[in-house]
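First comes the structure, then the notes that go with it.
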Amino acid sequence: MKITKQILASIVYLSISFVGLAQGIEFREGNWAEVKAMAKTENKLIFFDANTSWCGPCKWLAKNTFTDKVVGDFYNQNFISYELDMEKGEGVALADEFKIKAYPTLLFLDGGGNIVHRTAGAMDAEKFLELGRVALDPKRNLAGMEQRYKNGERSQEFIRKYLARLSEAGKPLKEILDWYFYPLSEDDLLTKDNFEVISKYVNSPDSPQFRFLMKEGEAYGQIVTAKEVNDKIYNVYQSHLFGAMYSNDSLKWEIAKAEVKSSSMENSDKLLAYVDTYYFSRKKDWKTYVDAVNHYITNYELDNWESLNRYGWQIYKNTDITDQVSLKLALSWVDHSIQLKNCYANNDTRAALLYKMGDKKRAIKAANQAIAAATADEDTSGTKELIAQMSK
């Protein structure tokens with residue numbers, strides 16, 4: 001068959017078009033041993049996307065960042081890229097070998113399988129490009145900074161950067177923090193840089209630096225903001241309380257609560273009331289749980305329509321809470337939520353609670369009010385199903 005110039009031109013055009021569509025990171029096929037061999041042959045680092053089939057951020061990264069043309073050009077030029085489900089095949093053993101606890105974990109390794117750099121989590125194209133640049137830079141990547149530390153580098157600026165690298169990699173920080181704080185006097189601690197170190201990496205209320213933050217909170221509030229200081233203190237004590245609660249050690253739990261009560265932190269009563277809601281939920285003491293929620297929202301969340309509605313919905317969804325007293329109490333929270341902001345979400349919760357209480361007539365009315373209050377982008381199918389179910 002004779003191919004005309006016009007047909008030939010069309011074929012060339014289509015070929016170019018399909019090549020243009022194939023942008024983004026090109027992940028190599030093969031097993032782990034073969035990928036390491038490729039890296040040695042091509043003298044490149046391996047970029048290893050450790051993912052799972054259920055991981056939402058993994059899917060987001062694959063769809064939005066790995067497909068970017070600039071990202072693809074950079075990574076295809078500089079790395080052997082490889083992706084693996086860490087819950088299937090040899091991924092299971094590799095997840096254990098590399099101590100992977102979060103997904104996605106992004107590893108950069110040499111041809112021998114030694115980790116040069118690592119971090120976790122999804123990120124946009126710009127941040128992902130910078131991650132690749134850091135991984136290629138022996139002065140900035142994790143392995144390079146570990147070597148600089150072993151060689152005795154101890155400047156404050158270096159240690160701050162090293163702490164960031166270790167934190168991104170999920171590695172222990174205590175030894176490095178001790179080296180950082182050891183030469184500093186109390187006056188030295190009162191700087192913005194050192195507040196940021198405390199804020200990012202000091203998470204125990206028993207730490208000398210946290211106790212200093214508590215003592216000098218007002219002074220730190222002049223260096224940064226009072227809100228930043230108070231938020232840090234609140235978050236440390238919150239983590240401390242949850243850690244004690246999940247330890248299932250009643251003495252540890254009581255001691256942690258006593259520490260918060262005796263502290264000078266702002267909103268300590270609010271924090272204790274908030275954590276109590278989780279404590280009684282874990283114990284499945286539902287009557288006390290409802291009382292604890294009522295105490296918390298009545299005293300601290302009465303002007304927050306979303307919080308009032310959220311707790312009302314939780315009471316509806318909890319199949320162990322069926323008594324009328326608890327349901328009526330939850331309904332009162334949702335009614336107040338509607339007074340603050342009349343919208344689809346809280347009217348829908350009101351309908352669900354009324355239905356659970358056995359009041360179908362009022363429930364149908366509330367469900368119709370919910371649909372009327374919905375915006376164009378809100379899915380009301382669940383409410384319509386509830387109406388259909390009640391109307392039978």
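Labels for the structure tokens follow display order: chains A, B, ..., residues from 1 in each chain, ligands from 1.
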Spatial neighbours of Leu386 in chain A, 10 Å, only C-alpha atoms, chain gap at least 5 places, as a VMD selection string: chain A and resid 348 351 to 352 355 363 to 364 367 381 391
Residue contacts of Tyr246 in chain A (10 Å, only C-alpha atoms) excluding same-chain residues fewer than 5 positions away, as JSON, numbers by chain: {"A": [241, 253, 279, 282]}
Could you give me, as an mmCIF file with N, CA, C and O atoms, in the first residue's frame, the residues within 7 Å of range 288-305 of chain A, counting only C-alpha atoms and dropping anything in the same chain fewer than 2 positions from it?
data_model
loop_
_atom_site.group_PDB
_atom_site.id
_atom_site.type_symbol
_atom_site.label_atom_id
_atom_site.label_comp_id
_atom_site.auth_asym_id
_atom_site.auth_seq_id
_atom_site.Cartn_x
_atom_site.Cartn_y
_atom_site.Cartn_z
ATOM 1 N N LYS A 270 -10.664 23.477 80.438
ATOM 2 C CA LYS A 270 -11.229 23.101 79.145
ATOM 3 C C LYS A 270 -10.552 21.846 78.610
ATOM 4 O O LYS A 270 -11.231 20.936 78.097
ATOM 5 N N ALA A 273 -11.724 18.783 80.525
ATOM 6 C CA ALA A 273 -13.101 18.439 80.153
ATOM 7 C C ALA A 273 -13.138 17.770 78.783
ATOM 8 O O ALA A 273 -13.894 16.810 78.567
ATOM 9 N N TYR A 274 -12.325 18.258 77.863
ATOM 10 C CA TYR A 274 -12.272 17.691 76.518
ATOM 11 C C TYR A 274 -11.760 16.255 76.550
ATOM 12 O O TYR A 274 -12.350 15.352 75.943
ATOM 13 N N ASP A 276 -11.766 14.196 79.006
ATOM 14 C CA ASP A 276 -12.729 13.332 79.705
ATOM 15 C C ASP A 276 -13.728 12.691 78.734
ATOM 16 O O ASP A 276 -14.155 11.555 78.929
ATOM 17 N N THR A 277 -14.115 13.430 77.698
ATOM 18 C CA THR A 277 -15.078 12.860 76.741
ATOM 19 C C THR A 277 -14.499 11.618 76.066
ATOM 20 O O THR A 277 -15.211 10.644 75.818
ATOM 21 N N PHE A 280 -14.214 8.541 78.914
ATOM 22 C CA PHE A 280 -15.426 7.781 79.204
ATOM 23 C C PHE A 280 -15.952 7.043 77.967
ATOM 24 O O PHE A 280 -16.597 6.007 78.093
ATOM 25 N N SER A 281 -15.627 7.554 76.784
ATOM 26 C CA SER A 281 -15.968 6.833 75.569
ATOM 27 C C SER A 281 -15.169 5.535 75.480
ATOM 28 O O SER A 281 -15.715 4.480 75.130
ATOM 29 N N ASP A 285 -18.554 3.895 79.166
ATOM 30 C CA ASP A 285 -19.468 4.354 80.217
ATOM 31 C C ASP A 285 -20.309 5.462 79.595
ATOM 32 O O ASP A 285 -20.020 6.656 79.715
ATOM 33 N N TRP A 286 -21.382 5.058 78.893
ATOM 34 C CA TRP A 286 -22.077 5.990 78.020
ATOM 35 C C TRP A 286 -22.853 7.060 78.756
ATOM 36 O O TRP A 286 -22.962 8.189 78.271
ATOM 37 N N SER A 307 -19.198 22.219 66.516
ATOM 38 C CA SER A 307 -18.941 21.309 67.628
ATOM 39 C C SER A 307 -20.239 20.762 68.211
ATOM 40 O O SER A 307 -20.379 19.562 68.461
ATOM 41 N N LEU A 308 -21.217 21.638 68.393
ATOM 42 C CA LEU A 308 -22.522 21.208 68.903
ATOM 43 C C LEU A 308 -23.154 20.168 67.982
ATOM 44 O O LEU A 308 -23.689 19.146 68.427
ATOM 45 N N ASN A 309 -23.072 20.420 66.690
ATOM 46 C CA ASN A 309 -23.648 19.494 65.717
ATOM 47 C C ASN A 309 -22.876 18.183 65.671
ATOM 48 O O ASN A 309 -23.467 17.101 65.593
ATOM 49 N N SER A 326 -30.670 11.041 77.161
ATOM 50 C CA SER A 326 -29.457 11.374 76.401
ATOM 51 C C SER A 326 -29.800 11.930 75.028
ATOM 52 O O SER A 326 -29.182 12.895 74.561
ATOM 53 N N SER A 337 -27.253 24.694 67.928
ATOM 54 C CA SER A 337 -26.402 24.815 66.743
ATOM 55 C C SER A 337 -27.170 25.490 65.609
ATOM 56 O O SER A 337 -26.639 26.368 64.915
ATOM 57 N N LEU A 340 -27.443 29.148 66.009
ATOM 58 C CA LEU A 340 -26.202 29.845 65.665
ATOM 59 C C LEU A 340 -26.016 29.918 64.144
ATOM 60 O O LEU A 340 -25.577 30.935 63.611
ATOM 61 N N LYS A 341 -26.342 28.830 63.455
ATOM 62 C CA LYS A 341 -26.216 28.795 61.993
ATOM 63 C C LYS A 341 -27.191 27.751 61.446
ATOM 64 O O LYS A 341 -26.983 26.541 61.636
#
Among listed residues A:Asn203, A:Gly221, A:Thr375, A:Lys257, nearest Val236 in chain A (using only C-alpha atoms): A:Asn203
Sorted per-residue table, range 162-222 of chain A near range 100-113 of chain A, closest atoms and distance, 12 Å, only C-alpha atoms, as CSV:
residue,atom,partner,partner_atom,distance
A:Glu168,CA,A:Thr105,CA,10.1
A:Ala169,CA,A:Thr105,CA,8.9
A:Gly170,CA,A:Lys101,CA,8.9
A:Lys171,CA,A:Ile100,CA,11.2
Backbone DSSP call of alpha helix (DSSP H) for range 164-367 of chain A, listed as a ChimeraX atom specification: /A:164-169,174-181,186-189,192-201,208-215,217-223,226-246,250-262,268-282,286-300,305-317,324-340,344-357,360-367
Nearest candidate to Lys59 in chain A (options A:Leu94, A:Val229, A:Ala122, A:Ile46; using only C-alpha atoms): A:Ala122
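For the residues A:Asp178, A:Glu26, A:Glu218, A:Glu378, ranking by smallest atom-to-atom distance to Val202 in chain A using only C-alpha atoms places A:Asp178 first.
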Atom pair CA of Leu142 in chain A / CA of Gly56 in chain A: separation (Å): 26.4 Å
